[in-house]
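The structure file my_file.txt is reproduced below (compact mmCIF, C-alpha atoms).
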```
# COMPACT_ATOMS: atom_id res chain seq x y z
CA MET A 1062 0.00 0.00 0.00
CA ALA A 1063 1.21 3.44 -0.93
CA GLN A 1064 3.14 5.22 1.77
CA ARG A 1065 5.49 8.13 1.29
CA ARG A 1066 8.49 8.25 3.54
CA LEU A 1067 10.50 11.39 4.16
CA ARG A 1068 14.03 11.26 2.72
CA VAL A 1069 16.55 13.75 4.04
CA MET A 1070 20.24 14.31 3.51
CA VAL A 1071 22.68 15.46 6.16
CA ALA A 1072 25.81 16.98 4.66
CA LYS A 1073 28.91 18.77 5.87
CA PRO A 1074 30.22 21.22 3.31
CA GLY A 1075 33.72 22.63 3.30
CA LEU A 1076 36.80 22.09 5.39
CA ASP A 1077 35.13 21.08 8.61
CA GLY A 1078 35.72 17.71 10.20
CA HIS A 1079 33.56 18.20 13.27
CA ASP A 1080 30.70 15.89 12.50
CA ARG A 1081 29.54 14.76 15.94
CA GLY A 1082 26.54 17.08 15.61
CA ALA A 1083 25.73 15.85 12.12
CA ARG A 1084 25.86 12.24 13.30
CA VAL A 1085 23.65 12.93 16.32
CA LEU A 1086 21.15 14.62 14.01
CA SER A 1087 21.26 11.75 11.52
CA ARG A 1088 20.49 9.33 14.31
CA CYS A 1089 17.71 11.56 15.60
CA PHE A 1090 16.17 11.77 12.12
CA ARG A 1091 16.35 8.00 11.84
CA ASP A 1092 14.44 7.72 15.11
CA ALA A 1093 11.88 10.16 13.74
CA GLY A 1094 11.21 7.65 10.95
CA TYR A 1095 13.05 9.37 8.09
CA GLU A 1096 15.40 7.77 5.63
CA VAL A 1097 18.65 9.65 6.19
CA ILE A 1098 21.47 9.85 3.70
CA TYR A 1099 24.68 10.98 5.34
CA THR A 1100 27.45 12.15 3.02
CA GLY A 1101 30.31 12.50 5.49
CA CYS A 1102 32.65 15.47 5.90
CA HIS A 1103 34.59 17.71 3.53
CA GLN A 1104 32.01 17.90 0.76
CA THR A 1105 31.97 20.51 -1.97
CA PRO A 1106 28.64 22.19 -2.73
CA GLU A 1107 28.75 20.44 -6.12
CA GLN A 1108 29.06 17.00 -4.49
CA ILE A 1109 26.21 17.76 -2.11
CA ALA A 1110 23.85 19.02 -4.82
CA ALA A 1111 24.61 16.05 -7.08
CA ALA A 1112 24.08 13.57 -4.24
CA ALA A 1113 20.79 15.23 -3.20
CA ILE A 1114 19.45 14.87 -6.74
CA GLN A 1115 20.62 11.28 -7.13
CA GLU A 1116 19.01 10.37 -3.83
CA ASP A 1117 15.71 12.20 -4.48
CA VAL A 1118 15.64 13.75 -1.02
CA ASP A 1119 12.98 16.16 0.28
CA MET A 1120 15.40 18.15 2.40
CA VAL A 1121 19.10 18.85 2.67
CA GLY A 1122 20.43 19.76 6.12
CA LEU A 1123 23.81 21.48 5.99
CA SER A 1124 26.04 21.55 9.03
CA CYS A 1125 28.90 23.99 9.21
CA LEU A 1126 31.03 24.95 12.17
CA SER A 1127 33.93 26.45 10.27
CA GLY A 1128 32.54 29.90 9.59
CA ALA A 1129 32.24 29.45 5.83
CA HIS A 1130 28.46 29.15 5.88
CA ARG A 1131 28.02 32.53 4.15
CA TYR A 1132 29.56 31.06 1.01
CA LEU A 1133 28.76 27.35 1.28
CA PHE A 1134 25.05 27.33 2.15
CA PRO A 1135 23.96 29.66 -0.68
CA ALA A 1136 26.24 27.78 -3.10
CA VAL A 1137 24.38 24.51 -2.45
CA LYS A 1138 21.00 26.18 -2.87
CA LYS A 1139 22.10 27.88 -6.09
CA LEU A 1140 23.34 24.61 -7.62
CA LEU A 1141 20.10 22.83 -6.76
CA VAL A 1142 18.06 25.59 -8.38
CA GLU A 1143 20.28 25.53 -11.47
CA GLN A 1144 19.70 21.80 -11.81
CA GLY A 1145 15.94 22.11 -11.57
CA ALA A 1146 15.75 20.91 -7.97
CA ASP A 1147 14.41 24.08 -6.37
CA ASP A 1148 11.77 21.95 -4.64
CA ILE A 1149 14.38 20.41 -2.33
CA VAL A 1150 14.21 22.29 0.98
CA VAL A 1151 17.60 23.49 2.21
CA VAL A 1152 18.13 24.12 5.92
CA GLY A 1153 21.31 24.76 7.86
CA GLY A 1154 22.82 24.63 11.29
CA GLY A 1155 25.99 25.36 13.16
CA ILE A 1156 27.74 28.31 14.65
CA ILE A 1157 26.06 31.06 12.70
CA PRO A 1158 26.31 34.63 13.95
CA GLU A 1159 23.10 36.63 14.31
CA GLN A 1160 24.13 39.12 11.60
CA ASP A 1161 24.52 36.37 8.94
CA ILE A 1162 21.09 34.88 9.37
CA GLN A 1163 19.13 37.25 7.15
CA LEU A 1164 21.69 36.94 4.39
CA LEU A 1165 21.22 33.16 4.38
CA TYR A 1166 17.44 33.38 4.44
CA ASP A 1167 17.62 35.76 1.50
CA ALA A 1168 19.74 33.20 -0.36
CA GLY A 1169 16.96 30.63 -0.05
CA ILE A 1170 17.96 28.73 3.08
CA VAL A 1171 14.56 28.11 4.62
CA LYS A 1172 15.52 27.59 8.25
CA LEU A 1173 18.62 27.84 10.43
CA PHE A 1174 19.21 26.03 13.68
CA THR A 1175 21.82 27.61 15.90
CA PRO A 1176 23.48 26.32 19.10
CA GLY A 1177 20.86 25.53 21.71
CA ALA A 1178 18.26 24.23 19.25
CA THR A 1179 16.89 21.01 20.73
CA LEU A 1180 16.53 17.83 18.71
CA GLU A 1181 12.81 17.85 19.47
CA SER A 1182 12.40 21.36 18.10
CA ILE A 1183 14.26 20.45 14.90
CA VAL A 1184 12.18 17.34 14.26
CA GLU A 1185 9.00 19.23 15.06
CA TRP A 1186 9.94 21.93 12.55
CA ILE A 1187 10.64 19.34 9.86
CA ASN A 1188 7.43 17.44 10.52
CA THR A 1189 5.45 20.64 10.18
CA ASN A 1190 7.29 22.23 7.28
CA VAL A 1191 8.81 19.53 5.08
CA LYS A 1192 6.40 17.23 3.29
CA PRO A 1193 7.47 14.32 1.12
CA ARG A 1194 7.26 15.60 -2.43
CA MET B 1061 5.80 6.68 -21.64
CA GLU B 1062 7.17 10.21 -21.50
CA LYS B 1063 8.89 9.42 -18.21
CA ALA B 1064 10.33 6.17 -19.53
CA LYS B 1065 11.83 8.08 -22.46
CA LYS B 1066 13.40 10.63 -20.12
CA ILE B 1067 14.91 7.83 -18.05
CA LYS B 1068 16.27 6.14 -21.15
CA ALA B 1069 17.90 9.44 -22.05
CA GLY B 1070 19.66 9.34 -18.67
CA ASP B 1071 17.56 11.77 -16.60
CA VAL B 1072 18.78 11.18 -13.03
CA ARG B 1073 15.95 13.08 -11.34
CA GLU B 1074 13.27 11.15 -13.17
CA ALA B 1075 15.05 7.84 -12.52
CA SER B 1076 15.55 8.46 -8.82
CA ARG B 1077 11.94 9.61 -8.52
CA LEU B 1078 10.70 6.43 -10.17
CA ILE B 1079 12.79 4.29 -7.83
CA ARG B 1080 11.25 6.15 -4.93
CA ASN B 1081 7.71 5.75 -6.27
CA LEU B 1082 8.36 2.03 -6.53
CA GLU B 1083 9.70 1.94 -2.97
CA ASP B 1084 6.63 3.82 -1.79
CA SER B 1085 4.29 1.59 -3.88
CA ILE B 1086 2.78 4.53 -5.73
CA PRO B 1087 0.43 2.89 -8.27
CA GLU B 1088 1.48 5.21 -11.12
CA ALA B 1089 5.05 3.89 -10.92
CA LYS B 1090 3.99 0.50 -12.20
CA SER B 1091 2.77 1.89 -15.49
CA THR B 1092 6.10 3.66 -16.02
CA ILE B 1093 8.21 0.62 -15.18
CA LYS B 1094 6.26 -1.36 -17.78
CA HIS B 1095 7.76 0.85 -20.47
CA ILE B 1096 11.27 0.47 -19.02
CA PHE B 1097 11.54 -3.29 -19.57
CA HIS B 1098 12.06 -3.05 -23.31
CA PHE B 1099 15.24 -1.06 -22.77
CA THR B 1100 16.89 -3.48 -20.36
CA GLY B 1101 19.25 -6.43 -20.58
CA HIS B 1102 22.55 -4.73 -21.36
CA ALA B 1103 24.12 -3.97 -17.99
CA GLN B 1104 26.54 -6.25 -16.21
CA VAL B 1105 25.22 -6.66 -12.66
CA ILE B 1106 27.73 -7.32 -9.89
CA GLY B 1107 26.56 -8.05 -6.36
CA ILE B 1108 28.68 -7.27 -3.32
CA THR B 1109 27.70 -8.87 -0.04
CA GLY B 1110 29.29 -9.53 3.34
CA SER B 1111 29.08 -8.69 7.01
CA PRO B 1112 28.67 -5.12 8.37
CA GLY B 1113 31.93 -3.22 8.26
CA ALA B 1114 33.65 -5.79 6.04
CA GLY B 1115 34.52 -3.04 3.57
CA LYS B 1116 31.84 -3.49 0.92
CA SER B 1117 31.35 0.22 0.23
CA THR B 1118 35.09 0.84 -0.05
CA LEU B 1119 35.31 -2.04 -2.48
CA VAL B 1120 32.40 -0.65 -4.48
CA ASP B 1121 34.22 2.68 -4.64
CA GLY B 1122 37.24 0.85 -6.06
CA LEU B 1123 35.06 -0.94 -8.61
CA ILE B 1124 33.51 2.38 -9.69
CA GLU B 1125 36.98 3.79 -10.27
CA TRP B 1126 38.04 0.73 -12.27
CA SER B 1127 34.92 0.80 -14.45
CA ARG B 1128 35.29 4.52 -15.15
CA LYS B 1129 38.92 4.08 -16.15
CA LYS B 1130 37.72 1.54 -18.69
CA GLY B 1131 35.25 4.10 -20.02
CA LYS B 1132 32.20 2.33 -18.64
CA THR B 1133 29.29 4.12 -16.97
CA VAL B 1134 28.21 2.89 -13.56
CA GLY B 1135 25.07 2.63 -11.49
CA VAL B 1136 25.28 1.79 -7.80
CA LEU B 1137 22.46 0.57 -5.58
CA ALA B 1138 23.51 0.55 -1.95
CA VAL B 1139 21.18 -1.01 0.60
CA ASP B 1140 21.16 -0.28 4.33
CA PRO B 1141 18.74 -1.54 7.00
CA THR B 1142 15.45 0.03 8.03
CA SER B 1143 14.64 0.28 11.73
CA PRO B 1144 11.94 -2.23 12.67
CA PHE B 1145 10.75 0.22 15.32
CA THR B 1146 10.57 3.63 13.65
CA GLY B 1147 10.80 2.82 9.95
CA GLY B 1148 13.74 5.21 9.74
CA ALA B 1149 17.14 4.37 8.27
CA ILE B 1150 20.68 5.67 8.08
CA LEU B 1151 21.94 5.27 4.54
CA GLY B 1152 25.68 5.71 4.89
CA ASP B 1153 27.26 3.69 2.08
CA ARG B 1154 27.61 6.80 -0.06
CA ILE B 1155 30.22 8.25 2.28
CA ARG B 1156 32.85 5.96 0.77
CA MET B 1157 31.85 6.82 -2.80
CA GLN B 1158 31.40 10.58 -2.63
CA ARG B 1159 34.49 11.27 -4.73
CA HIS B 1160 32.41 10.14 -7.71
CA ALA B 1161 29.39 12.29 -6.85
CA GLU B 1162 30.06 14.86 -9.55
CA ASP B 1163 30.91 12.36 -12.28
CA PRO B 1164 27.93 12.29 -14.66
CA GLY B 1165 28.90 8.72 -15.60
CA VAL B 1166 28.15 7.51 -12.07
CA PHE B 1167 24.73 7.32 -10.44
CA VAL B 1168 24.63 6.23 -6.80
CA ARG B 1169 21.28 5.55 -5.17
CA SER B 1170 20.84 4.41 -1.57
CA LEU B 1171 17.92 2.21 -0.60
CA ALA B 1172 16.55 1.14 2.77
CA THR B 1173 15.44 -2.48 3.23
CA ARG B 1174 11.95 -1.51 4.47
CA GLY B 1175 11.38 -4.88 6.06
CA SER B 1176 12.80 -7.11 3.30
CA LEU B 1177 14.69 -10.01 4.81
CA GLY B 1178 16.91 -11.17 1.96
CA GLY B 1179 19.56 -8.46 2.38
CA LEU B 1180 18.08 -6.22 -0.31
CA SER B 1181 15.07 -3.98 -0.75
CA LYS B 1182 11.91 -4.94 -2.59
CA ALA B 1183 12.54 -2.21 -5.13
CA VAL B 1184 16.06 -3.33 -5.99
CA GLY B 1185 15.11 -5.52 -8.95
CA ASP B 1186 13.27 -2.70 -10.66
CA ALA B 1187 15.97 -0.20 -9.69
CA ILE B 1188 18.51 -2.39 -11.53
CA HIS B 1189 16.25 -2.29 -14.60
CA ILE B 1190 16.02 1.49 -14.36
CA MET B 1191 19.79 1.92 -14.25
CA ASP B 1192 20.15 -0.61 -17.04
CA ALA B 1193 17.63 1.31 -19.17
CA MET B 1194 19.56 4.52 -18.47
CA GLY B 1195 22.44 2.89 -20.27
CA LYS B 1196 24.72 2.12 -17.33
CA ASP B 1197 27.25 -0.47 -18.47
CA VAL B 1198 27.84 -1.80 -14.98
CA VAL B 1199 25.40 -1.94 -12.07
CA LEU B 1200 26.93 -2.59 -8.65
CA VAL B 1201 24.51 -3.80 -6.00
CA GLU B 1202 25.71 -3.59 -2.42
CA THR B 1203 23.58 -5.56 0.04
CA VAL B 1204 23.04 -4.70 3.68
CA GLY B 1205 25.63 -6.07 6.04
CA THR B 1206 24.71 -9.73 5.92
CA GLY B 1207 24.98 -12.64 8.30
CA GLN B 1208 24.43 -16.15 7.07
CA GLN B 1209 21.07 -16.27 5.39
CA GLU B 1210 20.62 -13.16 3.24
CA VAL B 1211 21.21 -14.61 -0.20
CA GLU B 1212 18.66 -12.81 -2.34
CA ILE B 1213 21.43 -11.14 -4.29
CA ILE B 1214 21.79 -14.34 -6.36
CA ASN B 1215 18.42 -13.56 -7.94
CA HIS B 1216 19.76 -10.28 -9.30
CA ALA B 1217 23.50 -10.35 -9.96
CA HIS B 1218 25.49 -12.04 -12.70
CA THR B 1219 28.54 -12.17 -10.48
CA VAL B 1220 28.39 -12.30 -6.68
CA LEU B 1221 31.31 -11.19 -4.52
CA VAL B 1222 31.23 -12.37 -0.92
CA VAL B 1223 33.43 -10.15 1.23
CA LEU B 1224 34.95 -11.75 4.31
CA VAL B 1225 37.23 -10.38 6.99
CA PRO B 1226 39.58 -12.34 9.28
CA GLY B 1227 38.23 -13.29 12.67
CA MET B 1228 34.78 -14.48 11.73
CA GLY B 1229 34.70 -17.65 13.82
CA ASP B 1230 35.79 -21.27 13.76
CA GLU B 1231 36.05 -23.67 10.83
CA ILE B 1232 32.40 -24.65 11.08
CA GLN B 1233 31.32 -21.17 10.00
CA ALA B 1234 32.95 -21.74 6.62
CA ILE B 1235 30.99 -24.92 5.88
CA LYS B 1236 27.57 -23.64 6.93
CA ALA B 1237 24.86 -23.27 4.33
CA GLY B 1238 23.77 -19.91 3.05
CA ILE B 1239 26.03 -17.04 2.21
CA MET B 1240 29.21 -19.15 1.89
CA GLU B 1241 27.57 -21.05 -0.97
CA ILE B 1242 26.65 -18.12 -3.17
CA ALA B 1243 30.05 -16.63 -3.92
CA ASP B 1244 31.39 -16.54 -7.45
CA ILE B 1245 34.42 -14.80 -6.00
CA PHE B 1246 35.53 -14.61 -2.38
CA VAL B 1247 37.23 -11.46 -1.19
CA ILE B 1248 39.24 -11.52 2.01
CA ASN B 1249 39.29 -7.87 2.90
CA LYS B 1250 41.60 -6.19 5.42
CA ALA B 1251 44.04 -8.97 4.58
CA ASP B 1252 46.82 -7.26 6.51
CA ARG B 1253 45.14 -8.44 9.69
CA GLU B 1254 45.93 -11.45 11.79
CA GLY B 1255 43.94 -14.54 10.87
CA THR B 1256 44.00 -13.99 7.11
CA GLY B 1257 45.91 -17.19 6.39
CA LYS B 1258 43.61 -19.21 8.61
CA LEU B 1259 40.52 -17.81 6.93
CA GLN B 1260 41.95 -18.47 3.49
CA ARG B 1261 42.71 -22.09 4.40
CA GLU B 1262 39.21 -22.58 5.77
CA VAL B 1263 37.55 -21.22 2.66
CA MET B 1264 39.84 -23.34 0.49
CA ALA B 1265 39.00 -26.45 2.51
CA MET B 1266 35.33 -25.64 2.16
CA LEU B 1267 35.69 -25.26 -1.60
CA ASP B 1268 37.60 -28.56 -1.82
CA MET B 1269 34.61 -30.30 -0.27
CA SER B 1270 32.03 -28.53 -2.42
CA PRO B 1271 30.61 -30.09 -5.54
CA ILE B 1272 31.94 -28.55 -8.72
CA LYS B 1273 29.76 -25.70 -9.89
CA PRO B 1274 28.08 -25.73 -13.31
CA GLY B 1275 30.64 -24.95 -15.99
CA GLY B 1276 33.47 -25.94 -13.65
CA TRP B 1277 33.99 -22.53 -12.05
CA ARG B 1278 35.84 -22.66 -8.76
CA PRO B 1279 35.37 -19.44 -6.81
CA PRO B 1280 38.78 -17.80 -6.46
CA ILE B 1281 39.84 -16.20 -3.19
CA ILE B 1282 41.24 -12.68 -3.53
CA LYS B 1283 43.04 -11.01 -0.67
CA ILE B 1284 42.82 -7.26 -0.45
CA GLY B 1285 44.93 -5.24 1.97
CA ASN B 1286 44.06 -2.21 4.04
CA ALA B 1287 42.45 0.60 2.06
CA PHE B 1288 44.69 3.06 3.91
CA GLU B 1289 47.67 1.46 2.18
CA PRO B 1290 46.81 2.50 -1.38
CA SER B 1291 49.42 0.34 -3.13
CA GLU B 1292 48.36 -2.84 -1.30
CA PHE B 1293 44.70 -2.09 -1.87
CA GLU B 1294 45.27 -1.34 -5.55
CA LYS B 1295 47.13 -4.62 -6.02
CA GLY B 1296 44.28 -6.66 -4.54
CA LEU B 1297 41.69 -4.68 -6.43
CA ASN B 1298 43.46 -5.37 -9.73
CA GLU B 1299 43.41 -9.09 -9.03
CA LEU B 1300 39.75 -8.85 -8.16
CA THR B 1301 38.73 -6.97 -11.30
CA THR B 1302 40.63 -9.48 -13.44
CA LYS B 1303 38.61 -12.27 -11.83
CA VAL B 1304 35.35 -10.35 -12.24
CA LEU B 1305 36.04 -10.10 -15.97
CA GLU B 1306 37.06 -13.74 -16.13
CA HIS B 1307 33.88 -14.81 -14.39
CA HIS B 1308 31.75 -12.82 -16.77
CA GLU B 1309 33.55 -14.32 -19.75
CA HIS B 1310 33.07 -17.76 -18.22
CA LEU B 1311 29.32 -17.16 -17.89
CA VAL B 1312 29.06 -16.01 -21.47
CA LYS B 1313 31.25 -18.77 -22.91
CA SER B 1314 29.56 -21.62 -21.06
CA ASN B 1315 26.19 -20.05 -21.74
CA LEU B 1316 25.47 -19.92 -18.03
CA ILE B 1317 24.53 -16.27 -18.22
CA GLY B 1318 21.25 -17.38 -19.76
CA ASP B 1319 20.53 -19.48 -16.65
CA ARG B 1320 21.22 -16.52 -14.39
CA ILE B 1321 18.99 -14.24 -16.40
CA ARG B 1322 16.28 -16.88 -16.38
CA ARG B 1323 16.55 -17.20 -12.60
CA LYS B 1324 16.20 -13.44 -12.26
CA THR B 1325 13.22 -13.35 -14.61
CA ALA B 1326 11.50 -16.23 -12.81
CA HIS B 1327 12.07 -14.46 -9.51
CA GLU B 1328 10.54 -11.27 -10.85
CA LEU B 1329 7.50 -13.02 -12.22
CA ASN B 1330 7.09 -14.84 -8.93
CA GLU B 1331 7.16 -11.56 -7.02
CA ALA B 1332 4.77 -9.86 -9.43
CA LEU B 1333 2.30 -12.74 -9.26
CA ARG B 1334 2.49 -12.90 -5.52
CA ALA B 1335 1.75 -9.19 -5.30
CA ALA B 1336 -1.05 -9.35 -7.88
CA ILE B 1337 -2.78 -12.32 -6.28
CA LEU B 1338 -2.12 -11.80 -2.60
CA GLU B 1339 -2.42 -8.05 -2.19
CA PRO B 1340 -6.00 -7.59 -3.44
CA VAL B 1341 -7.22 -10.36 -1.15
CA LEU B 1342 -5.32 -8.98 1.84
CA LYS B 1343 -6.59 -5.49 1.12
CA LEU B 1344 -10.15 -6.75 1.03
CA LEU B 1345 -9.75 -8.68 4.26
CA VAL B 1346 -8.32 -5.60 5.97
CA SER B 1347 -10.89 -3.14 4.64
CA THR B 1348 -13.88 -5.32 5.52
CA GLY B 1349 -12.52 -5.93 9.00
CA GLU B 1350 -12.50 -9.65 8.29
CA LEU B 1351 -8.81 -9.93 9.10
CA ASP B 1352 -9.34 -8.53 12.58
CA ARG B 1353 -12.21 -10.93 13.18
CA MET B 1354 -9.96 -13.82 12.10
CA ILE B 1355 -7.28 -12.72 14.55
CA ASP B 1356 -9.89 -12.56 17.33
CA GLN B 1357 -11.01 -16.07 16.47
CA LEU B 1358 -7.43 -17.29 16.62
CA LEU B 1359 -6.81 -15.62 19.96
CA LYS B 1360 -9.90 -17.32 21.37
CA LYS B 1361 -8.52 -20.63 20.05
CA GLU B 1362 -11.71 -21.16 18.04
CA THR B 1363 -9.75 -22.13 14.96
CA ASP B 1364 -6.19 -22.21 13.57
CA PRO B 1365 -4.35 -20.22 10.89
CA TYR B 1366 -4.33 -23.10 8.40
CA SER B 1367 -8.09 -23.59 8.49
CA ILE B 1368 -8.61 -19.86 7.99
CA ALA B 1369 -6.19 -19.83 5.08
CA GLU B 1370 -8.07 -22.73 3.48
CA GLU B 1371 -11.37 -20.91 3.85
CA VAL B 1372 -9.93 -17.78 2.24
CA GLN B 1373 -8.47 -19.89 -0.55
CA LYS B 1374 -11.85 -21.53 -1.24
CA LYS B 1375 -13.61 -18.20 -1.25
CA TYR B 1376 -11.25 -16.19 -3.47
CA LEU B 1377 -9.16 -18.59 -5.52
CA GLN B 1378 -11.80 -21.01 -6.67
CA GLY B 1379 -10.33 -21.89 -10.05
CA CYS B 1380 -7.08 -23.13 -8.52
CA ILE B 1381 -8.12 -25.84 -6.09
```

Please go through the file and, once you have read it, give me the structure as structure tokens.
Amino acid sequence: MAQRRLRVMVAKPGLDGHDRGARVLSRCFRDAGYEVIYTGCHQTPEQIAAAAIQEDVDMVGLSCLSGAHRYLFPAVKKLLVEQGADDIVVVGGGIIPEQDIQLLYDAGIVKLFTPGATLESIVEWINTNVKPR
Amino acid sequence: MEKAKKIKAGDVREASRLIRNLEDSIPEAKSTIKHIFHFTGHAQVIGITGSPGAGKSTLVDGLIEWSRKKGKTVGVLAVDPTSPFTGGAILGDRIRMQRHAEDPGVFVRSLATRGSLGGLSKAVGDAIHIMDAMGKDVVLVETVGTGQQEVEIINHAHTVLVVLVPGMGDEIQAIKAGIMEIADIFVINKADREGTGKLQREVMAMLDMSPIKPGGWRPPIIKIGNAFEPSEFEKGLNELTTKVLEHHEHLVKSNLIGDRIRRKTAHELNEALRAAILEPVLKLLVSTGELDRMIDQLLKKETDPYSIAEEVQKKYLQGCI
């Protein structure tokens, strides 16, 4: 019987090897009943966009603790749009200063989760806002 | 039809979407897959199976590299387990293959088992067809980390690699039925570790006792060193790819490839019939509440499952019995 399941990708763009958070989130998404594709660290925006399309995900969650989010997050979104995948929701998380947040929203990142965001609040946001396409 | 044409032209989005629709049992997907079948039958399908952490994904990455160097396009289907409790899954095989993400000649798709017990996912057969129709020369199918019994890969692959690592148990493990019987090629991975020689001897002893396979193929044992020692790994991988080619040639020459394709086709028909016959009846029993009433009857010990099954059979499958 037909049943859509949410597919999400957790990716770490750029030169950032700190993936404890990304792994905890992947596990938490698994427990929320999603199919989670984890790409590992040190990914270029091009690799992430290509993988998201190959995997037919509903959402890409980008984790960045290196400070390069201003470049990397919009780059992923831009590549997805260019390849006709503007329906894939892009969200981000990490150490993101207050003054960068608007810039990222303007670039098409739908939601940002900063330090202190609880796992429950993240899953609740996804359940409300991301529907399987 | 339109979608099938797009997939044949190599449209990754459309292909991945169709695989997902099949996984999710969206009725529309069936009509698209019908148009795919005519375009299939060209790809060489290689199955990679073995226990969790044996190094299957790393090996697949090596096989992608080898195929690309030979100018062949590659599809990869990587299966990981679904949680029996939440239905969620971590699909992490890609991590080892991400260096090929941007290569348009490589299409990697992860699948969750969704309750299938054979080490694959229900959609994997059709997903192979989709990649085949897209024109991929080689399709690599990586099973979930397997134990002893998950042998469904033999219904799909032309060549099956069973990946072992030293330290898997005593000699009896090597002569047990199941996964040790299905290998066309054995790979001893992480062969720099202690216990490699012992494992190799055990597999050899097992093979010595086994009846000769059709066409006289004796599964070779290839040792591959640590992937962090590129030269060692490379050396083993080269030996492996030579054997993969040899096995394929052997299948073609001895006309055994026809048997494998027939087995796959029979399996597919079996599955399709099962779904077509069983599902409508089950659906009806669920929607009318009859199934629940049957369970109640069973719990009260008023009857037994076999008698109920016979009644259902009489009622719905009259022509057959």

> Which residues of chain B are close to chain A, meaning at most 6 Å apart when you count only C-alpha atoms, and how do they look as number ranges by chain?
Replying inline: B: 1076, 1084-1086, 1146-1152, 1155, 1161-1162, 1169

Suppose we keep C-alpha atoms; can you now write the selection as a PDB file, keeping the file's coordinate frame?
```
ATOM      1  CA  SER B1076      15.550   8.460  -8.820  1.00  0.00           C
ATOM      2  CA  ASP B1084       6.630   3.820  -1.790  1.00  0.00           C
ATOM      3  CA  SER B1085       4.290   1.590  -3.880  1.00  0.00           C
ATOM      4  CA  ILE B1086       2.780   4.530  -5.730  1.00  0.00           C
ATOM      5  CA  THR B1146      10.570   3.630  13.650  1.00  0.00           C
ATOM      6  CA  GLY B1147      10.800   2.820   9.950  1.00  0.00           C
ATOM      7  CA  GLY B1148      13.740   5.210   9.740  1.00  0.00           C
ATOM      8  CA  ALA B1149      17.140   4.370   8.270  1.00  0.00           C
ATOM      9  CA  ILE B1150      20.680   5.670   8.080  1.00  0.00           C
ATOM     10  CA  LEU B1151      21.940   5.270   4.540  1.00  0.00           C
ATOM     11  CA  GLY B1152      25.680   5.710   4.890  1.00  0.00           C
ATOM     12  CA  ILE B1155      30.220   8.250   2.280  1.00  0.00           C
ATOM     13  CA  ALA B1161      29.390  12.290  -6.850  1.00  0.00           C
ATOM     14  CA  GLU B1162      30.060  14.860  -9.550  1.00  0.00           C
ATOM     15  CA  ARG B1169      21.280   5.550  -5.170  1.00  0.00           C
TER      16      ARG B1169
END
```

>> Which residues are close to region 1174-1186 of chain A, i.e. within 6 Å by only C-alpha atoms, leaving aside same-chain residues fewer than 3 positions away? Reply as number ranges by chain.
In response: A: 1154-1155, 1189-1190

Grab the residues selected above and save them as a PDB file, in the frame of the given file with C-alpha atoms.
```
ATOM      1  CA  GLY A1154      22.820  24.630  11.290  1.00  0.00           C
ATOM      2  CA  GLY A1155      25.990  25.360  13.160  1.00  0.00           C
ATOM      3  CA  THR A1189       5.450  20.640  10.180  1.00  0.00           C
ATOM      4  CA  ASN A1190       7.290  22.230   7.280  1.00  0.00           C
TER       5      ASN A1190
END
```

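Going from CA of Lys1073 (chain A) to CA of Ser1124 (chain A) covers 5.1 Å.
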
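Minimum atom-to-atom distances from B:Ala1138, B:Leu1267, B:Ala1069, B:Leu1333 to Asp1192 (chain B) were compared using only C-alpha atoms, and the lowest value belongs to B:Ala1069.
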
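Once only C-alpha atoms are considered, the residues situated within 10 Å of the file point (16.9, 30.5, 2.8) turn out to be Phe1134, Pro1135, Lys1138, Val1150, Val1151, Val1152, Gly1153, Ile1162, Gln1163, Leu1164, Leu1165, Tyr1166, Asp1167, Ala1168, Gly1169, Ile1170, Val1171, Lys1172 and Leu1173 of chain A.
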
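CA of Ile1190 (chain B) is found 6.7 Å from CA of Ala1075 (chain B).
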
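For the pair CA of Glu1294 (chain B) and CA of Val1220 (chain B), the interatomic distance is 20.2 Å.
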
Can you take the partial region 1223-1229 of chain B, add N, CA and C atoms, and return it as an mmCIF file, in the coordinates of the input?
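Dumped everything to result.cif:
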```cif
data_model
loop_
_atom_site.group_PDB
_atom_site.id
_atom_site.type_symbol
_atom_site.label_atom_id
_atom_site.label_comp_id
_atom_site.auth_asym_id
_atom_site.auth_seq_id
_atom_site.Cartn_x
_atom_site.Cartn_y
_atom_site.Cartn_z
ATOM 1 N N VAL B 1223 32.296 -10.804 0.575
ATOM 2 C CA VAL B 1223 33.430 -10.150 1.230
ATOM 3 C C VAL B 1223 33.544 -10.657 2.666
ATOM 4 N N LEU B 1224 34.701 -11.223 2.968
ATOM 5 C CA LEU B 1224 34.950 -11.750 4.310
ATOM 6 C C LEU B 1224 36.060 -10.951 4.971
ATOM 7 N N VAL B 1225 36.097 -10.965 6.281
ATOM 8 C CA VAL B 1225 37.230 -10.380 6.990
ATOM 9 C C VAL B 1225 37.741 -11.397 8.006
ATOM 10 N N PRO B 1226 39.045 -11.376 8.316
ATOM 11 C CA PRO B 1226 39.580 -12.340 9.280
ATOM 12 C C PRO B 1226 38.881 -12.199 10.633
ATOM 13 N N GLY B 1227 38.777 -13.323 11.322
ATOM 14 C CA GLY B 1227 38.230 -13.290 12.670
ATOM 15 C C GLY B 1227 36.751 -13.557 12.739
ATOM 16 N N MET B 1228 36.230 -14.300 11.759
ATOM 17 C CA MET B 1228 34.780 -14.480 11.730
ATOM 18 C C MET B 1228 34.292 -15.714 12.504
ATOM 19 N N GLY B 1229 35.175 -16.491 13.045
ATOM 20 C CA GLY B 1229 34.700 -17.650 13.820
ATOM 21 C C GLY B 1229 35.494 -18.888 13.484
#
```
